[in-house]
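In what follows, a single structure is set out as structure tokens and then discussed.
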Amino acid sequence: MDSVTGAGLTIMLRLCDVTAGYRRDRPVLRRVSLEILPGEMTGIVGPNGSGKTTLVRVASRSLPPISGTVFLDGADIWRITARGFARQVAVVPQDTLVPFDLSALEVVLLGRHPHVGRLHMETRGDEDAAMAALEMVGAGHLARRSVRRISGGERQRVAIARALAQEPRVLLLDEPTAHLDLAHQTEVMSLVVRLCRDRGIAVAAVLHDLNLAAAWCQRLVVLAEGRVEADGPPSAVLSESLVAHVWNARMWVRRNPLTGRPFLLPAPPPYEADRHETGDRPLVHVICGGGSGGPILSALVHEGFRVTCGVVNVGDSDEELCRAMNIPHAAEAPFSPVSPERSEVNRRMALDADAVVVTPFCVGPGNLDNVRVALDAQKAGRPVFLLTDGSPEDVDYTGGEGRALLTELQTRAERIQGVENLLNRLRALSG
Amino acid sequence: MKPRAALRTRLTLAAAVPACLLVACFFAALWTGAVGVGPMEALGQVASHLSGEAGPETSIIWDLRLPRILLAAVVGAVLAAGGAALQGLLGNPLAEPYTAGVSSGCVLGASLAVILGLDSVAGGWPVPAAAFLTGLAAVALVLALARRSGKLDVNTFLLAGIIVGAFFWAVTTFVLSLAREDIARIFMWLAGSFAAPYPWDYLKMASVIGLLCLAGLFWNARDLNAFALGEDQARSLGVEPERLKAMVILLTTLGTAACVSAAGVIGFAGLIVPHGMRRVFGPDHRPLLVSSALCGACLLVLADALARGLAPPREVPVGVITSIIGAPVFLWILSRGRA
């Protein structure tokens with residue numbers, strides 16, 4: 001009675017229009033439809049209270065749905081006995097504490113429970129299966145150790161081994177990496193992914209950490225307020241707008257250059273140009289490019305300075321930052337030389353500012369005007385600060401012209417090394 | 001040792017050692033009493049009754065001592081195994097067979113029956129019958145209080161058991177205060193005694209229900225192991241928690257009600273025996289239930305022998321003896337557990 005998708009994959013667990021919760025009038029999950037496929041690692045993500053744990057409970061036959069049906073290979077799971085279900089589907093709960101002083105192997109042997117008949121003893125085969133499961137998770141050496149005297153990471157692995165001893169075709173995990181440190185998180189996730197790939201088990205894991213989920217799962221199901229908000233491969237699902245909408249968090253979504261998988265970075269708080277309390281703070285104009293302006297721009301915004309920026313090319317990370325943080329800036333088309341119009345905008349911003357910061361960007365024929373603007377501001381009496389990062393200074397790619405302008409700038413400008421020192425100097429301006 | 005071999009060893013020890021002990025206790029109890037009967041003569045009387053050669057004259061051994069020893073063994077086994085199962089089910093070390101309010105329910109029924117003079121009607125059978133029914137009624141009330149939308153909450157169950165128990169005790173005390181002259185006859189229910197008026201009949205009643213209870217509990221032993229991991233994990237291992245809770249509570253309630261109806265309230269046996277056995281044989285309910293039943297039987301057979309032998313011809317209530325022995329032993333177990 002297997003239901004088959006278009007891709008020819010056998011669906012193992014299917015939630016069909018499931019509404020579930022702990023009170024009929026206040027459902028946690030609302031009309032969720034979802035399939036968990038063999039050999040696929042599905043991450044279930046969502047903000048607190050979005051129904052992740054309820055989803056695991058309703059899919060694991062712990063919580064009967066208020067309406068809708070959960071199918072296992074086409075059969076309603078509530079029409080299967082608990083024992084029959086436990087031979088197909090194993091669950092690793094959030095809390096894996098064992099109240100008794102059992103050895104790890106004895107705990108894993110409990111996983112054979114649905115396979116052992118009433119009034120029967122566990123057979124040698126059950127014991128071997130338990131030991132094999134323990135070895136599969138790399139915890140064979142813990143067999144005789146008491147589960148009360150092993151670390152959290154080890155206990156998590158023993159809990160997964162117990163689930164594997166059930167020889168399930170579907171494995172549901174509720175936050176398997178909660179309370180684990182970085183090394184153990186990686187260890188548990190790679191173990192689960194390996195099981196999923198090598199043994200064709202359908203795995204669904206509730207994960208709190210979006211980066212972990214994006215890095216390890218083939219598919220993400222995003223829950224928001226009890227509904228499936230998005231479902232698909234991480235690269236298709238995770239977008240800045242989705243994260244902003246579902247988690248109400250300002251994050252940047254970037255791609256891991258090595259794996260191509262998306263990852264999240266906290267976005268800096270937005271700059272509010274018309275904020276009252278910043279009205280009396282100095283206005284600093286930053287002339288930058290090529291990513292050299294990022295640290296000082298975000299530090300200035302963070303410290304409450306008023307900030308402008310120019311001229312930066314669209315696609316440059318400095319320009320991206322200005323856009324993300326709402327910093328007023330003069331932008332030029334990607335990879336294009338600075339046009340006279342943009343340069344004029346830049347000049348006006350520089351002359352309006354109380355101070356001008358020039359970062360160590362590479363000077364080429366296209367952005368030579370940026371240095372000229374700095375010189376003009378200096379001649380107009382604006383204090384100009386040259387930010388250096390301590391690295392060798394030759395940033396000239398114009399064959400001498402740029403160096404000459406920079407040298408001229410340096411004769412009267414203050415050279416300051418490091419963002420922190422520059423911030424102190426700028427604070428002194430306002431005081 | 002591998003878990004399977006370890007379990008097999010534990011099961012063998014859990015059955016064999018207390019069984020030998022029980023045989024020893026049985027003979028010690030058979031030879032103890034207000035009327036001195038020599039060991040050989042006692043065995044001879046039992047043998048002649050078993051072979052049907054005995055005459056119609058009353059025999060102290062056959063008509064009084066033997067059935068009450070067997071009754072003590074059955075009651076001890078049911079109370080101790082019931083305590084072990086309830087401790088496992090409720091995950092609470094203070095749980096015992098009386099947790100659900102059976103005992104106070106039984107005592108109220110027995111007291112009412114005695115006061116109404118039913119102990120001289122129909123061979124006195126209305127008294128244990130009333131005790132049995134009110135015991136079940138008390139548990140039904142507790143279950144009704146602790147069930148919410150088809151589920152039994154374990155903590156609410158414990159609390160409801162305490163409250164309903166206290167209420168039934170209060171009503172019993174009120175009844176007792178009205179009936180001074182009957183107190184002596186009711187006292188047996190409060191402190192426990194195996195001096196039943198019809199020992200063989202009481203034994204039949206208690207052993208039919210008691211053995212049913214023991215078999216049922218053992219049937220669920222492995223489910224209780226899984227249940228120790230918590231309801232959700234037990235369910236994911238193929239246990240239906242609500243079914244298990246209903247089964248274990250029903251079985252212990254029936255067994256305990258039968259015990260209290262036959263012998264009154266005998267404290268501590270259902271509490272300390274499982275604790276001691278868990279220390280010795282570990283948390284697995286298979287050796288735990290077997291050893292608890294057998295050791296519980298030993299304990300009550302010995303306690304009853306003491307009750308008869310301490311100050312003959314007077315009898316000390318057996319519940320007093322179990323409590324006097326039980327409290328210090330329990331403290332000793334606790335203090336060893338901490339070290």
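Starting from 1 in every chain, residues are counted up; chains themselves are A, B, ... following the order of the structure tokens, and ligands are numbered from 1 as listed.
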- Task: Report as a list in words the set of chain A residues whose atoms approach chain B to within 7 Å, with distances computed over only C-alpha atoms.
- Result: Ser62, Ala82, Arg83, Phe85, Ala86, Ala90, Val91, Val98, Pro99, Phe100, Glu106, Leu110, Gly111, His113, Pro114, Arg118, Leu119 and Glu122 of chain A
- Message: Among range 247-311 of chain A, which residues does DSSP mark as strand (DSSP E or B) when it is run on the backbone? Keep the chain and numbering as in the structure and answer as a list in words.
- Response: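 For range 247-311 of chain A, the strand (DSSP E or B) set is Met251, Trp252, Val253, Arg254, Arg255, Pro262, Phe263, Leu264, Leu265, Pro266, Leu283, Val284, His285, Val286, Ile287, Arg306, Val307, Thr308, Cys309, Gly310 and Val311 of chain A.
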- Message: I'd like the neighbourhood of range 396-400 of chain A as a list in words, where a residue qualifies if any of its atoms comes within 6 Å (using only C-alpha atoms), though same-chain residues fewer than 4 positions away should be ignored.
- Response: Val363, Gly364 and Pro365 of chain A
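Atom pair CA of Arg314 in chain B / CA of Val127 in chain B: separated by 23.4 Å.
The gap separating CA of Gly381 in chain A from CA of Ala330 in chain A is 21.7 Å, in Å to one decimal.
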- Message: I'd like the neighbourhood of range 69-78 of chain B as a PyMOL selection string, where a residue qualifies if any of its atoms comes within 8 Å (using only C-alpha atoms), though same-chain residues fewer than 5 positions away should be ignored.
- Response: chain B and resi 26+29-30+194+199+202-203+206-207+210-211+213-214+252+255-256+259+263+269-270+292-301+304
Selected residues written out, N, CA and C atoms, as a PDB file, in the first residue's frame:
ATOM      1  N   PHE B  26       7.972 -20.882  56.117  1.00  0.00           N
ATOM      2  CA  PHE B  26       6.742 -21.652  56.213  1.00  0.00           C
ATOM      3  C   PHE B  26       6.816 -22.638  57.371  1.00  0.00           C
ATOM      4  N   ALA B  29       6.884 -20.973  60.763  1.00  0.00           N
ATOM      5  CA  ALA B  29       5.562 -20.482  61.141  1.00  0.00           C
ATOM      6  C   ALA B  29       4.634 -21.620  61.545  1.00  0.00           C
ATOM      7  N   LEU B  30       4.798 -22.762  60.875  1.00  0.00           N
ATOM      8  CA  LEU B  30       3.940 -23.908  61.164  1.00  0.00           C
ATOM      9  C   LEU B  30       4.164 -24.409  62.596  1.00  0.00           C
ATOM     10  N   PHE B 194      -4.276 -11.960  60.567  1.00  0.00           N
ATOM     11  CA  PHE B 194      -4.608 -13.113  59.740  1.00  0.00           C
ATOM     12  C   PHE B 194      -5.514 -14.090  60.475  1.00  0.00           C
ATOM     13  N   PRO B 199     -10.611 -19.331  57.842  1.00  0.00           N
ATOM     14  CA  PRO B 199      -9.319 -19.146  57.174  1.00  0.00           C
ATOM     15  C   PRO B 199      -9.259 -19.743  55.776  1.00  0.00           C
ATOM     16  N   TYR B 202     -11.324 -17.519  53.336  1.00  0.00           N
ATOM     17  CA  TYR B 202     -10.624 -16.258  53.057  1.00  0.00           C
ATOM     18  C   TYR B 202      -9.421 -16.505  52.164  1.00  0.00           C
ATOM     19  N   LEU B 203      -8.731 -17.620  52.416  1.00  0.00           N
ATOM     20  CA  LEU B 203      -7.546 -17.936  51.607  1.00  0.00           C
ATOM     21  C   LEU B 203      -7.949 -18.132  50.155  1.00  0.00           C
ATOM     22  N   ALA B 206      -8.768 -14.690  48.620  1.00  0.00           N
ATOM     23  CA  ALA B 206      -7.586 -13.854  48.410  1.00  0.00           C
ATOM     24  C   ALA B 206      -6.657 -14.458  47.364  1.00  0.00           C
ATOM     25  N   SER B 207      -6.543 -15.800  47.336  1.00  0.00           N
ATOM     26  CA  SER B 207      -5.538 -16.348  46.431  1.00  0.00           C
ATOM     27  C   SER B 207      -6.011 -16.340  44.986  1.00  0.00           C
ATOM     28  N   GLY B 210      -5.623 -12.692  44.146  1.00  0.00           N
ATOM     29  CA  GLY B 210      -4.208 -12.331  44.291  1.00  0.00           C
ATOM     30  C   GLY B 210      -3.343 -12.932  43.201  1.00  0.00           C
ATOM     31  N   LEU B 211      -3.554 -14.202  42.863  1.00  0.00           N
ATOM     32  CA  LEU B 211      -2.723 -14.817  41.845  1.00  0.00           C
ATOM     33  C   LEU B 211      -3.011 -14.217  40.464  1.00  0.00           C
ATOM     34  N   CYS B 213      -3.819 -11.145  40.013  1.00  0.00           N
ATOM     35  CA  CYS B 213      -3.103  -9.865  40.062  1.00  0.00           C
ATOM     36  C   CYS B 213      -1.618 -10.071  39.791  1.00  0.00           C
ATOM     37  N   LEU B 214      -1.014 -11.066  40.431  1.00  0.00           N
ATOM     38  CA  LEU B 214       0.418 -11.318  40.253  1.00  0.00           C
ATOM     39  C   LEU B 214       0.732 -11.680  38.800  1.00  0.00           C
ATOM     40  N   THR B 252      -3.483  -4.000  40.690  1.00  0.00           N
ATOM     41  CA  THR B 252      -3.044  -3.812  42.076  1.00  0.00           C
ATOM     42  C   THR B 252      -4.235  -3.493  42.963  1.00  0.00           C
ATOM     43  N   GLY B 255      -6.147  -6.759  43.662  1.00  0.00           N
ATOM     44  CA  GLY B 255      -5.344  -7.597  44.557  1.00  0.00           C
ATOM     45  C   GLY B 255      -5.307  -7.021  45.960  1.00  0.00           C
ATOM     46  N   THR B 256      -5.068  -5.715  46.048  1.00  0.00           N
ATOM     47  CA  THR B 256      -4.955  -5.099  47.365  1.00  0.00           C
ATOM     48  C   THR B 256      -6.294  -5.111  48.090  1.00  0.00           C
ATOM     49  N   CYS B 259      -6.725  -8.403  49.557  1.00  0.00           N
ATOM     50  CA  CYS B 259      -5.847  -8.590  50.730  1.00  0.00           C
ATOM     51  C   CYS B 259      -6.410  -7.875  51.943  1.00  0.00           C
ATOM     52  N   ALA B 263      -7.470  -9.488  55.457  1.00  0.00           N
ATOM     53  CA  ALA B 263      -6.530  -9.391  56.582  1.00  0.00           C
ATOM     54  C   ALA B 263      -6.365  -7.991  57.138  1.00  0.00           C
ATOM     55  N   ALA B 269       4.758  -3.387  54.149  1.00  0.00           N
ATOM     56  CA  ALA B 269       5.253  -4.500  53.337  1.00  0.00           C
ATOM     57  C   ALA B 269       5.354  -4.092  51.872  1.00  0.00           C
ATOM     58  N   GLY B 270       4.325  -3.366  51.383  1.00  0.00           N
ATOM     59  CA  GLY B 270       4.312  -2.970  49.986  1.00  0.00           C
ATOM     60  C   GLY B 270       5.265  -1.843  49.676  1.00  0.00           C
ATOM     61  N   SER B 292      10.086  -9.528  44.717  1.00  0.00           N
ATOM     62  CA  SER B 292       9.231  -8.789  45.649  1.00  0.00           C
ATOM     63  C   SER B 292       8.097  -9.679  46.138  1.00  0.00           C
ATOM     64  N   ALA B 293       7.465 -10.410  45.210  1.00  0.00           N
ATOM     65  CA  ALA B 293       6.356 -11.267  45.611  1.00  0.00           C
ATOM     66  C   ALA B 293       6.822 -12.307  46.633  1.00  0.00           C
ATOM     67  N   LEU B 294       7.939 -12.966  46.324  1.00  0.00           N
ATOM     68  CA  LEU B 294       8.407 -14.033  47.220  1.00  0.00           C
ATOM     69  C   LEU B 294       8.872 -13.474  48.564  1.00  0.00           C
ATOM     70  N   CYS B 295       9.597 -12.367  48.534  1.00  0.00           N
ATOM     71  CA  CYS B 295      10.084 -11.801  49.799  1.00  0.00           C
ATOM     72  C   CYS B 295       8.942 -11.193  50.609  1.00  0.00           C
ATOM     73  N   GLY B 296       7.961 -10.608  49.898  1.00  0.00           N
ATOM     74  CA  GLY B 296       6.788 -10.098  50.608  1.00  0.00           C
ATOM     75  C   GLY B 296       6.073 -11.226  51.336  1.00  0.00           C
ATOM     76  N   ALA B 297       5.986 -12.377  50.649  1.00  0.00           N
ATOM     77  CA  ALA B 297       5.367 -13.550  51.291  1.00  0.00           C
ATOM     78  C   ALA B 297       6.158 -13.952  52.531  1.00  0.00           C
ATOM     79  N   CYS B 298       7.488 -14.033  52.393  1.00  0.00           N
ATOM     80  CA  CYS B 298       8.346 -14.369  53.548  1.00  0.00           C
ATOM     81  C   CYS B 298       8.079 -13.417  54.709  1.00  0.00           C
ATOM     82  N   LEU B 299       8.078 -12.134  54.392  1.00  0.00           N
ATOM     83  CA  LEU B 299       7.965 -11.115  55.434  1.00  0.00           C
ATOM     84  C   LEU B 299       6.663 -11.293  56.216  1.00  0.00           C
ATOM     85  N   LEU B 300       5.551 -11.467  55.511  1.00  0.00           N
ATOM     86  CA  LEU B 300       4.277 -11.546  56.237  1.00  0.00           C
ATOM     87  C   LEU B 300       4.101 -12.889  56.947  1.00  0.00           C
ATOM     88  N   VAL B 301       4.663 -13.978  56.378  1.00  0.00           N
ATOM     89  CA  VAL B 301       4.597 -15.264  57.083  1.00  0.00           C
ATOM     90  C   VAL B 301       5.365 -15.157  58.407  1.00  0.00           C
ATOM     91  N   ASP B 304       3.518 -12.822  60.826  1.00  0.00           N
ATOM     92  CA  ASP B 304       2.359 -13.473  61.432  1.00  0.00           C
ATOM     93  C   ASP B 304       2.801 -14.467  62.507  1.00  0.00           C
TER      94      ASP B 304
END
- Task: Check the DSSP output for the backbone and give back, as number ranges by chain, the residues of range 173-381 of chain A in alpha helix (DSSP H).
- Result: A: 182-199, 210-216, 234-237, 240-247, 294-302, 317-325, 340-352, 368-379
Can you write out the residues you just picked, keeping C-alpha atoms, as a PDB file, in the first residue's frame?
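See part_15.pdb below for the written result:
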ATOM      1  CA  LEU A 182      30.051  22.336  18.807  1.00  0.00           C
ATOM      2  CA  ALA A 183      32.038  19.126  18.424  1.00  0.00           C
ATOM      3  CA  HIS A 184      29.157  16.955  19.595  1.00  0.00           C
ATOM      4  CA  GLN A 185      26.670  18.822  17.394  1.00  0.00           C
ATOM      5  CA  THR A 186      28.767  18.043  14.350  1.00  0.00           C
ATOM      6  CA  GLU A 187      29.236  14.474  15.478  1.00  0.00           C
ATOM      7  CA  VAL A 188      25.516  13.835  15.989  1.00  0.00           C
ATOM      8  CA  MET A 189      24.475  15.566  12.764  1.00  0.00           C
ATOM      9  CA  SER A 190      27.012  13.729  10.613  1.00  0.00           C
ATOM     10  CA  LEU A 191      25.941  10.464  12.247  1.00  0.00           C
ATOM     11  CA  VAL A 192      22.284  11.094  11.453  1.00  0.00           C
ATOM     12  CA  VAL A 193      23.047  12.164   7.872  1.00  0.00           C
ATOM     13  CA  ARG A 194      25.155   9.044   7.381  1.00  0.00           C
ATOM     14  CA  LEU A 195      22.364   6.788   8.663  1.00  0.00           C
ATOM     15  CA  CYS A 196      19.921   8.513   6.399  1.00  0.00           C
ATOM     16  CA  ARG A 197      22.172   8.115   3.350  1.00  0.00           C
ATOM     17  CA  ASP A 198      23.557   4.626   3.949  1.00  0.00           C
ATOM     18  CA  ARG A 199      20.523   2.878   5.366  1.00  0.00           C
ATOM     19  CA  LEU A 210      19.113  27.382  11.325  1.00  0.00           C
ATOM     20  CA  ASN A 211      22.779  27.288  10.311  1.00  0.00           C
ATOM     21  CA  LEU A 212      23.094  23.710  11.516  1.00  0.00           C
ATOM     22  CA  ALA A 213      19.886  22.807   9.698  1.00  0.00           C
ATOM     23  CA  ALA A 214      20.979  24.502   6.472  1.00  0.00           C
ATOM     24  CA  ALA A 215      24.387  22.865   6.610  1.00  0.00           C
ATOM     25  CA  TRP A 216      23.169  19.288   7.147  1.00  0.00           C
ATOM     26  CA  PRO A 234      17.748  25.004   2.169  1.00  0.00           C
ATOM     27  CA  SER A 235      19.061  27.167  -0.666  1.00  0.00           C
ATOM     28  CA  ALA A 236      15.546  27.649  -1.991  1.00  0.00           C
ATOM     29  CA  VAL A 237      13.891  28.071   1.383  1.00  0.00           C
ATOM     30  CA  GLU A 240      16.372  37.129   4.203  1.00  0.00           C
ATOM     31  CA  SER A 241      12.745  38.020   3.698  1.00  0.00           C
ATOM     32  CA  LEU A 242      11.564  34.621   5.019  1.00  0.00           C
ATOM     33  CA  VAL A 243      13.785  34.855   8.083  1.00  0.00           C
ATOM     34  CA  ALA A 244      12.617  38.413   8.703  1.00  0.00           C
ATOM     35  CA  HIS A 245       8.986  37.396   8.277  1.00  0.00           C
ATOM     36  CA  VAL A 246       9.004  34.099  10.212  1.00  0.00           C
ATOM     37  CA  TRP A 247      11.565  34.727  12.937  1.00  0.00           C
ATOM     38  CA  GLY A 294      32.635  47.775   6.350  1.00  0.00           C
ATOM     39  CA  PRO A 295      34.173  47.728   9.818  1.00  0.00           C
ATOM     40  CA  ILE A 296      34.284  51.519  10.265  1.00  0.00           C
ATOM     41  CA  LEU A 297      30.806  52.030   8.778  1.00  0.00           C
ATOM     42  CA  SER A 298      29.131  49.532  11.082  1.00  0.00           C
ATOM     43  CA  ALA A 299      31.164  50.742  14.068  1.00  0.00           C
ATOM     44  CA  LEU A 300      30.136  54.351  13.405  1.00  0.00           C
ATOM     45  CA  VAL A 301      26.462  53.392  13.160  1.00  0.00           C
ATOM     46  CA  HIS A 302      26.777  51.276  16.260  1.00  0.00           C
ATOM     47  CA  SER A 317      30.299  44.743  -0.125  1.00  0.00           C
ATOM     48  CA  ASP A 318      30.620  48.315   1.154  1.00  0.00           C
ATOM     49  CA  GLU A 319      27.677  49.298  -1.005  1.00  0.00           C
ATOM     50  CA  GLU A 320      25.752  46.234   0.148  1.00  0.00           C
ATOM     51  CA  LEU A 321      26.363  47.197   3.754  1.00  0.00           C
ATOM     52  CA  CYS A 322      25.218  50.784   3.142  1.00  0.00           C
ATOM     53  CA  ARG A 323      22.037  49.486   1.607  1.00  0.00           C
ATOM     54  CA  ALA A 324      21.418  46.958   4.361  1.00  0.00           C
ATOM     55  CA  MET A 325      22.005  49.527   7.076  1.00  0.00           C
ATOM     56  CA  PRO A 340      31.097  63.170 -12.565  1.00  0.00           C
ATOM     57  CA  GLU A 341      27.498  63.264 -11.276  1.00  0.00           C
ATOM     58  CA  ARG A 342      28.155  60.649  -8.586  1.00  0.00           C
ATOM     59  CA  SER A 343      31.406  62.319  -7.684  1.00  0.00           C
ATOM     60  CA  GLU A 344      29.493  65.581  -7.196  1.00  0.00           C
ATOM     61  CA  VAL A 345      27.075  63.864  -4.807  1.00  0.00           C
ATOM     62  CA  ASN A 346      30.072  62.482  -2.956  1.00  0.00           C
ATOM     63  CA  ARG A 347      31.673  65.932  -2.747  1.00  0.00           C
ATOM     64  CA  ARG A 348      28.489  67.491  -1.332  1.00  0.00           C
ATOM     65  CA  MET A 349      28.261  64.758   1.314  1.00  0.00           C
ATOM     66  CA  ALA A 350      31.904  65.251   2.255  1.00  0.00           C
ATOM     67  CA  LEU A 351      31.519  69.005   2.553  1.00  0.00           C
ATOM     68  CA  ASP A 352      28.373  68.607   4.689  1.00  0.00           C
ATOM     69  CA  LEU A 368      40.572  58.408  -8.471  1.00  0.00           C
ATOM     70  CA  ASP A 369      37.869  61.047  -8.024  1.00  0.00           C
ATOM     71  CA  ASN A 370      37.151  59.658  -4.550  1.00  0.00           C
ATOM     72  CA  VAL A 371      40.613  60.753  -3.438  1.00  0.00           C
ATOM     73  CA  ARG A 372      40.103  64.135  -5.079  1.00  0.00           C
ATOM     74  CA  VAL A 373      36.900  64.610  -3.111  1.00  0.00           C
ATOM     75  CA  ALA A 374      38.827  63.904   0.091  1.00  0.00           C
ATOM     76  CA  LEU A 375      41.416  66.502  -0.911  1.00  0.00           C
ATOM     77  CA  ASP A 376      38.688  69.050  -1.671  1.00  0.00           C
ATOM     78  CA  ALA A 377      37.108  68.456   1.723  1.00  0.00           C
ATOM     79  CA  GLN A 378      40.481  68.903   3.352  1.00  0.00           C
ATOM     80  CA  LYS A 379      41.037  72.167   1.511  1.00  0.00           C
TER      81      LYS A 379
END
